[in-house]
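For reference, model06.cif (mmCIF, C-alpha atoms and all ligand atoms):
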data_my_file
loop_
_atom_site.label_atom_id
_atom_site.label_comp_id
_atom_site.auth_asym_id
_atom_site.auth_seq_id
_atom_site.Cartn_x
_atom_site.Cartn_y
_atom_site.Cartn_z
CA MET A 1 59.99 174.34 83.23
CA PHE A 2 56.88 176.56 83.07
CA SER A 3 56.12 178.91 80.20
CA HIS A 4 53.16 180.43 82.06
CA ILE A 5 52.52 181.14 85.72
CA TYR A 6 49.02 182.22 86.72
CA ILE A 7 48.91 184.10 89.99
CA GLU A 8 45.88 184.87 92.10
CA GLU A 9 45.89 188.57 92.88
CA GLN A 10 45.52 187.86 96.60
CA VAL A 11 48.80 185.90 96.75
CA ALA A 12 50.76 188.08 94.32
CA ASP A 13 52.73 189.62 97.19
CA HIS A 14 53.12 186.43 99.18
CA PRO A 15 56.85 185.77 99.78
CA ARG A 16 56.46 182.21 98.50
CA THR A 17 54.89 183.47 95.27
CA GLN A 18 57.68 185.94 94.79
CA ALA A 19 60.38 183.34 95.47
CA ILE A 20 58.85 180.89 92.98
CA CYS A 21 58.43 183.55 90.29
CA ALA A 22 62.03 184.63 90.76
CA ARG A 23 63.10 181.09 89.95
CA PHE A 24 61.33 181.22 86.57
CA PRO A 25 62.18 184.65 85.19
CA ALA A 26 61.32 183.67 81.61
CA ALA A 27 57.80 182.48 82.43
CA GLN A 28 54.94 184.74 81.40
CA ARG A 29 53.02 185.85 84.52
CA ILE A 30 49.28 186.31 84.35
CA LEU A 31 47.26 187.69 87.24
CA CYS A 32 43.81 186.25 87.84
CA GLU A 33 41.12 186.87 90.43
CA ARG A 34 40.44 183.21 91.36
CA TYR A 35 42.37 180.21 90.11
CA GLY A 36 39.14 178.44 89.17
CA GLU A 37 38.92 180.78 86.16
CA VAL A 38 41.91 178.91 84.71
CA PHE A 39 41.60 175.50 86.32
CA ASN A 40 37.92 174.67 86.19
CA PRO A 41 36.40 175.56 82.81
CA ASN A 42 34.79 172.49 81.27
CA ALA A 43 36.20 172.81 77.78
CA GLN A 44 39.75 171.93 78.82
CA ASN A 45 41.62 169.00 77.34
CA PHE A 46 43.59 167.26 80.09
CA ARG A 47 45.65 165.23 77.65
CA LEU A 48 46.67 168.29 75.63
CA GLN A 49 47.44 170.37 78.71
CA LYS A 50 49.52 167.56 80.19
CA THR A 51 52.07 168.15 77.41
CA LYS A 52 52.76 171.65 78.75
CA PRO A 53 51.04 172.40 82.02
CA ALA A 54 51.15 175.86 83.54
CA LEU A 55 51.74 176.61 87.20
CA ILE A 56 48.96 178.31 89.13
CA LEU A 57 49.77 179.96 92.46
CA ALA A 58 46.73 180.31 94.65
CA ARG A 59 45.39 180.54 98.18
CA LYS A 60 43.49 177.67 99.79
CA HIS A 61 40.68 179.22 101.77
CA ASN A 62 39.16 176.36 103.73
CA ARG A 63 39.09 172.61 104.19
CA HIS A 64 42.88 172.57 104.49
CA VAL A 65 42.82 169.27 106.39
CA LEU A 66 40.27 166.56 105.65
CA PRO A 67 39.50 163.19 107.22
CA ALA A 68 41.12 160.36 105.26
CA PRO A 69 38.63 157.91 103.73
CA ASP A 70 37.73 154.89 105.87
CA GLY A 71 40.21 152.08 105.31
CA TYR A 72 43.08 154.49 104.50
CA GLY A 73 45.83 154.57 107.08
CA LEU A 74 48.64 152.81 108.89
CA GLY A 75 46.85 151.53 111.94
CA GLY A 76 46.42 154.92 113.63
CA ARG A 77 43.11 156.08 115.09
CA HIS A 78 43.04 159.59 113.61
CA ASN A 79 43.84 159.90 109.92
CA TYR A 80 43.73 163.04 107.77
CA TYR A 81 45.04 164.24 104.47
CA PHE A 82 46.01 167.61 103.15
CA SER A 83 46.93 168.80 99.68
CA HIS A 84 49.15 171.79 99.10
CA LEU A 85 49.31 170.85 95.41
CA LEU A 86 46.82 169.60 92.85
CA ASN A 87 48.12 167.47 89.96
CA CYS A 88 51.44 165.84 89.35
CA LEU A 89 54.61 166.16 87.29
CA TYR A 90 54.28 162.53 86.32
CA ASP A 91 51.74 160.96 84.03
CA CYS A 92 50.53 157.56 85.22
CA ARG A 93 47.75 156.19 83.06
CA TYR A 94 45.87 154.81 86.05
CA CYS A 95 46.07 158.05 88.05
CA PHE A 96 42.72 159.18 89.42
CA LEU A 97 43.73 162.84 89.17
CA GLN A 98 43.06 162.70 85.41
CA GLY A 99 39.51 161.72 86.17
CA MET A 100 39.08 164.18 89.01
CA TYR A 101 40.31 167.39 87.37
CA ARG A 102 39.46 168.89 84.01
CA SER A 103 42.80 170.63 83.89
CA ALA A 104 46.35 169.28 84.01
CA HIS A 105 47.77 172.59 85.22
CA TYR A 106 49.45 172.47 88.63
CA VAL A 107 47.74 174.39 91.40
CA LEU A 108 50.14 175.20 94.21
CA TYR A 109 48.52 176.69 97.33
CA VAL A 110 51.21 178.96 98.70
CA ASN A 111 49.60 179.64 102.08
CA TYR A 112 51.38 176.76 103.88
CA GLU A 113 50.98 178.58 107.19
CA ASP A 114 47.19 178.10 106.98
CA PHE A 115 47.67 174.36 106.44
CA GLY A 116 49.87 174.35 109.55
CA ALA A 117 47.21 176.21 111.54
CA ALA A 118 44.59 173.69 110.38
CA ILE A 119 46.81 170.79 111.44
CA ASP A 120 47.20 172.41 114.87
CA ALA A 121 43.44 172.93 115.13
CA THR A 122 42.88 169.28 114.19
CA LEU A 123 45.32 168.14 116.88
CA ALA A 124 43.62 170.36 119.45
CA ASN A 125 40.23 168.86 118.50
CA ASN A 126 41.68 165.40 119.08
CA GLY A 127 42.92 166.33 122.51
CA HIS A 128 46.44 166.10 121.03
CA GLU A 129 46.15 162.35 120.54
CA ASN A 130 48.51 160.82 118.00
CA SER A 131 47.30 161.62 114.50
CA TRP A 132 48.40 160.88 110.97
CA PHE A 133 48.52 163.50 108.24
CA PHE A 134 48.87 162.12 104.73
CA SER A 135 50.28 164.34 102.05
CA GLY A 136 50.49 163.11 98.47
CA TYR A 137 46.82 162.33 98.08
CA ASP A 138 46.22 164.83 95.23
CA CYS A 139 49.83 165.05 94.06
CA ASP A 140 53.24 163.49 94.54
CA SER A 141 54.64 164.81 97.84
CA LEU A 142 58.24 165.25 96.66
CA ALA A 143 58.31 165.53 92.86
CA MET A 144 57.77 169.29 92.82
CA GLU A 145 60.01 170.02 95.84
CA PRO A 146 62.52 172.19 93.92
CA VAL A 147 59.61 174.52 93.10
CA SER A 148 57.38 174.20 96.13
CA GLU A 149 59.85 173.72 99.01
CA PHE A 150 56.95 172.05 100.74
CA VAL A 151 59.10 169.49 102.58
CA GLN A 152 61.60 172.13 103.59
CA HIS A 153 58.76 174.09 105.19
CA PHE A 154 56.92 171.24 106.88
CA LEU A 155 59.78 169.19 108.36
CA PRO A 156 60.52 171.73 111.11
CA PHE A 157 56.76 172.05 111.68
CA PHE A 158 56.36 168.32 112.30
CA ALA A 159 59.62 168.18 114.27
CA ASP A 160 57.90 170.42 116.83
CA ARG A 161 54.77 168.25 116.97
CA PRO A 162 55.76 164.67 117.82
CA GLN A 163 52.12 163.64 118.27
CA ALA A 164 51.49 164.40 114.60
CA SER A 165 52.90 161.97 112.05
CA ILE A 166 53.28 162.77 108.39
CA GLU A 167 53.43 160.43 105.41
CA LEU A 168 55.11 161.84 102.31
CA ARG A 169 54.10 159.63 99.42
CA THR A 170 56.15 159.71 96.27
CA LYS A 171 57.49 158.13 93.11
CA SER A 172 60.23 160.71 92.85
CA THR A 173 63.91 160.97 93.66
CA GLN A 174 63.72 164.53 94.99
CA ILE A 175 65.20 163.77 98.38
CA ARG A 176 67.60 166.69 98.81
CA SER A 177 65.39 168.55 101.31
CA LEU A 178 65.11 165.37 103.38
CA LEU A 179 68.83 164.68 103.39
CA LYS A 180 69.50 168.22 104.57
CA HIS A 181 67.32 167.64 107.64
CA GLU A 182 67.70 165.37 110.65
CA PRO A 183 65.43 162.34 110.28
CA LEU A 184 62.11 162.65 112.10
CA ALA A 185 60.66 159.82 114.16
CA ASN A 186 57.18 161.00 113.13
CA ALA A 187 57.73 161.07 109.36
CA VAL A 188 57.50 158.26 106.83
CA ILE A 189 58.71 158.62 103.28
CA ALA A 190 56.56 156.18 101.35
CA PHE A 191 57.63 155.12 97.87
CA SER A 192 55.11 153.64 95.45
CA PHE A 193 56.02 150.93 92.97
CA THR A 194 54.56 148.79 90.25
CA PRO A 195 56.55 146.05 88.45
CA GLY A 196 59.05 147.08 85.74
CA GLU A 197 56.89 146.34 82.72
CA ILE A 198 53.93 148.22 84.21
CA HIS A 199 56.20 151.11 85.12
CA GLN A 200 57.42 151.29 81.53
CA ALA A 201 54.00 151.00 79.99
CA LEU A 202 51.97 153.20 82.33
CA GLU A 203 54.10 155.46 84.52
CA HIS A 204 55.27 158.09 82.09
CA LYS A 205 58.03 160.42 83.32
CA VAL A 206 58.34 158.51 86.61
CA PRO A 207 62.00 157.77 87.56
CA THR A 208 63.06 154.16 87.06
CA ILE A 209 62.72 151.61 89.83
CA GLU A 210 66.50 151.54 90.17
CA ARG A 211 66.77 155.30 90.66
CA ARG A 212 64.01 155.30 93.25
CA LEU A 213 65.67 152.42 95.04
CA GLN A 214 68.93 154.39 95.16
CA SER A 215 67.07 157.31 96.75
CA MET A 216 65.51 154.96 99.26
CA GLN A 217 68.89 153.51 100.15
CA GLN A 218 70.31 156.99 100.68
CA LEU A 219 67.40 157.90 102.92
CA GLN A 220 67.62 154.68 104.86
CA GLN A 221 71.34 155.22 105.42
CA ALA A 222 70.55 158.73 106.66
CA GLY A 223 68.12 157.28 109.19
CA TRP A 224 64.75 158.15 107.62
CA GLN A 225 61.84 155.80 108.09
CA LEU A 226 60.60 154.44 104.79
CA GLY A 227 57.43 152.87 103.56
CA LEU A 228 56.62 150.82 100.49
CA ARG A 229 53.30 151.25 98.73
CA PHE A 230 51.87 148.87 96.16
CA ASP A 231 48.68 150.71 95.54
CA PRO A 232 47.13 150.26 93.11
CA LEU A 233 48.04 146.69 92.24
CA ILE A 234 47.79 146.47 88.46
CA TYR A 235 46.48 143.25 86.97
CA HIS A 236 48.26 141.74 83.98
CA GLU A 237 48.72 138.23 82.76
CA ASP A 238 52.13 137.77 84.38
CA TYR A 239 51.32 139.67 87.53
CA ARG A 240 52.48 136.83 89.79
CA ASP A 241 55.97 136.67 88.36
CA SER A 242 56.34 140.40 87.99
CA TYR A 243 55.22 141.31 91.52
CA ARG A 244 57.32 138.53 92.99
CA GLU A 245 60.36 139.82 91.08
CA LEU A 246 59.64 143.39 92.11
CA PHE A 247 59.46 142.40 95.78
CA GLN A 248 62.71 140.45 95.45
CA GLN A 249 64.42 143.42 93.82
CA LEU A 250 63.27 145.85 96.51
CA PHE A 251 63.91 143.68 99.52
CA SER A 252 67.33 142.61 98.28
CA GLN A 253 68.44 146.26 98.39
CA LEU A 254 66.53 147.70 101.34
CA ARG A 255 66.84 146.96 105.02
CA ALA A 256 63.48 145.27 105.62
CA ASP A 257 64.06 145.39 109.39
CA GLN A 258 64.22 149.19 109.19
CA LEU A 259 61.06 149.66 107.14
CA HIS A 260 58.21 151.50 108.76
CA SER A 261 55.32 149.99 106.81
CA VAL A 262 54.24 148.29 103.62
CA SER A 263 50.79 148.75 102.19
CA LEU A 264 48.96 147.43 99.21
CA GLY A 265 45.63 148.22 97.67
CA ALA A 266 43.43 147.25 94.79
CA PHE A 267 42.85 149.33 91.66
CA ARG A 268 39.69 151.30 92.27
CA LEU A 269 38.18 154.40 90.72
CA PRO A 270 34.85 156.18 90.94
CA GLN A 271 32.88 155.33 87.80
CA GLY A 272 32.81 158.92 86.52
CA TYR A 273 36.59 159.20 86.77
CA PHE A 274 37.07 155.85 85.09
CA LYS A 275 34.87 156.88 82.16
CA ARG A 276 36.85 160.08 81.77
CA LEU A 277 40.14 158.15 81.71
CA VAL A 278 38.83 155.80 79.04
CA LYS A 279 37.73 158.80 76.99
CA LEU A 280 41.15 160.40 77.34
CA TYR A 281 43.01 157.23 76.35
CA PRO A 282 40.60 155.01 74.40
CA ASP A 283 43.43 152.81 73.06
CA GLU A 284 45.05 152.19 76.43
CA PRO A 285 45.25 148.39 76.98
CA LEU A 286 44.92 148.94 80.76
CA PHE A 287 41.28 149.89 80.28
CA ALA A 288 40.50 147.04 77.88
CA GLY A 289 40.57 144.42 80.65
CA GLN A 290 37.66 143.18 82.68
CA PHE A 291 36.20 145.51 85.26
CA SER A 292 33.19 145.45 87.48
CA THR A 293 31.21 148.31 88.98
CA THR A 294 29.88 148.19 92.51
CA ARG A 295 28.23 151.15 94.22
CA ASP A 296 29.64 153.49 91.58
CA MET A 297 33.22 152.25 91.99
CA VAL A 298 35.06 150.51 89.16
CA SER A 299 37.49 147.75 90.12
CA TYR A 300 38.77 144.45 88.84
CA PRO A 301 36.23 141.64 89.18
CA ARG A 302 36.08 140.57 92.80
CA ASN A 303 37.68 137.13 92.31
CA GLN A 304 40.57 138.59 90.38
CA GLU A 305 41.07 141.36 92.91
CA GLN A 306 41.00 139.01 95.89
CA GLU A 307 43.37 136.60 94.18
CA MET A 308 45.87 139.38 93.47
CA LEU A 309 45.67 140.76 96.99
CA ALA A 310 46.10 137.30 98.50
CA TYR A 311 49.01 136.44 96.23
CA CYS A 312 50.86 139.71 96.85
CA THR A 313 50.22 139.50 100.58
CA THR A 314 51.69 136.00 100.73
CA GLU A 315 54.70 137.08 98.71
CA LEU A 316 55.29 140.18 100.82
CA LEU A 317 55.13 138.14 103.99
CA GLN A 318 58.17 136.22 102.73
CA HIS A 319 60.09 139.46 103.28
CA ILE A 320 58.44 141.31 106.16
CA PRO A 321 56.57 140.50 109.38
CA GLU A 322 52.78 140.82 109.29
CA SER A 323 52.97 143.72 111.74
CA LEU A 324 54.40 145.94 108.96
CA LEU A 325 51.71 145.13 106.42
CA PHE A 326 48.72 147.45 106.02
CA PRO A 327 46.20 146.49 103.37
CA CYS A 328 44.30 149.52 102.10
CA THR A 329 40.67 148.52 102.44
CA LEU A 330 38.74 151.39 100.81
CA ALA A 331 35.15 150.31 100.38
CA ALA A 332 33.82 149.52 96.91
S1 LIG B 1 52.91 159.65 90.61
FE1 LIG B 1 50.94 159.39 91.68
S2 LIG B 1 49.97 161.39 91.59
FE2 LIG B 1 51.61 161.39 90.06
S3 LIG B 1 50.64 160.80 88.12
FE3 LIG B 1 51.44 158.94 89.09
S4 LIG B 1 49.73 158.10 90.29
FE4 LIG B 1 49.25 160.25 89.82
#
Target encoding structure tokens, full file:
Amino acid sequence: MFSHIYIEEQVADHPRTQAICARFPAAQRILCERYGEVFNPNAQNFRLQKTKPALILARKHNRHVLPAPDGYGLGGRHNYYFSHLLNCLYDCRYCFLQGMYRSAHYVLYVNYEDFGAAIDATLANNGHENSWFFSGYDCDSLAMEPVSEFVQHFLPFFADRPQASIELRTKSTQIRSLLKHEPLANAVIAFSFTPGEIHQALEHKVPTIERRLQSMQQLQQAGWQLGLRFDPLIYHEDYRDSYRELFQQLFSQLRADQLHSVSLGAFRLPQGYFKRLVKLYPDEPLFAGQFSTTRDMVSYPRNQEQEMLAYCTTELLQHIPESLLFPCTLAA
């Protein structure tokens, strides 16, 4: 899977580093002082690296838990995100990570215990009020599970902290760690979808809708709480038909009455990221459509965006009660 593993000297002896390296005996190991030496240099070509990314094992020193942006959440008062991993196994053309990072290598922060301590400190600061912790903001929460064992580590952690809820957001089918564990009342496994033709055109390496649905059904049967995420909504000429069909497909196979939440959000990228994406994929039809820029954020023109959101909301409400629907309202 990896031909090269870069290892920060300070985590070389970490048990998690050693366990991961043992799983890839053929990979060339390269020690480095700080992972930024490999990950940050400006001259990198994201598109080229994406064909064969290396794994970087590093330590996260600070800012383990950050406040979620305004408008991001599931109705809770305290919302945070944390990222044990930067970058993703998959290759979605609309993914903001391509605009955010110069490098397509995966950075895995192996010091999970420090993330746990930061979550505890955050809870203490809140007076132990109910709080949400979103994983999967800078990666897919489950796709790399066979390597990272992130879920396996954090499920018992959250099981002991019922006032802390975790959202694992994914497009993957890596559910083995979840099925091995008792379902948690304070965990939501949130699966993201776009319609079939968008999936085929833009979501490279992402498992098919059918395979993800099978994983969702298995999880639902095992008692896990699931979420559906339609974020970003991708505009295309037939978006009405294709989103309606997608919703029908999903809700015909899932128990809607057992869903935790459904959220949807508009396509939105900081202007600098958007420009970088266009530069990486100048022939990509997705970027040839109409866009508008407001306060440095690129989005579909307001009318188009509002029309899509309204249409998809109406369609979703054919399948679920309004109480389950959470529009993502990040400011433009
Ligand atoms: S699955 Fe999510 S994180 Fe991964 S490439 Fe696609 S949009 Fe990005």
Excluding Lys52 in chain A and residues on its chain fewer than 2 positions from it, collect all residues at most 10 Å away from it, counting all atoms listed in the file, and give them as a PyMOL selection string. chain A and resi 1-4+47-50+54-55+104-105
When the cut-off is 6 Å and you count all atoms listed in the file, which residues lie near ligand LIG 1 (chain B), shown as a ChimeraX atom specification? /A:88,90-92,95,139-140,171
Within 12 Å of (44.0, 185.7, 83.4) (file coordinates; all atoms listed in the file), which protein or nucleic acid residues are there? I'd like them as a PyMOL selection string. chain A and resi 4-9+28-39+56
Given only C-alpha atoms as the basis, pick out the residue of A:Arg23, A:Arg211, A:Arg59, A:Arg93 nearest to Glu284 in chain A. A:Arg93
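The protein and nucleic acid residues lying at most 10 Å from Thr313 in chain A are Ser263, Leu264, Glu307, Met308, Leu309, Leu317, Gln318, Glu322, Leu325, Phe326 and Pro327 of chain A, with all atoms listed in the file considered and sequence neighbours fewer than 4 positions away removed.
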Fewer than 6 positions away in the same chain doesn't count, so skip those; otherwise give me all residues within 9 Å of range 185-198 of chain A, counting only C-alpha atoms, as a VMD selection string. chain A and resid 155 158 to 159 161 to 172 208 to 209 212 to 213 216 219 224 to 234 236 239 242 to 247 260 to 262
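If only C-alpha atoms are the atoms counted, then among A:Leu316, A:Val147, A:Leu97, A:Leu269 the closest residue to Gln249 in chain A is A:Leu316.
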From A:Tyr80, A:Phe150, A:Phe287, A:Tyr112, residue lying nearest His61 in chain A [only C-alpha atoms]: A:Tyr112
Separating CA of Glu149 in chain A from CA of Leu259 in chain A, to the nearest tenth of an Å, is a gap of 25.4 Å
Neighbour residues at most 8 Å from (55.9, 176.8, 113.0) (all atoms listed in the file) as a list of chain:residue names: A:Glu113, A:Gly116, A:Pro156, A:Phe157, A:Asp160
Report as a PyMOL selection string all protein, DNA and RNA residues lying within 9 Å of Ser299 in chain A, evaluated on all atoms listed in the file, omitting residues in the same chain fewer than 4 positions from it. chain A and resi 266-270+290-294+305+332
If you count only C-alpha atoms, which residues fall within 10 Å of range 99-102 of chain A, apart from same-chain ones fewer than 3 positions away, as an MDAnalysis selection string? chainID A and resid 39:47 49 86:87 94:96 105 138 269:280
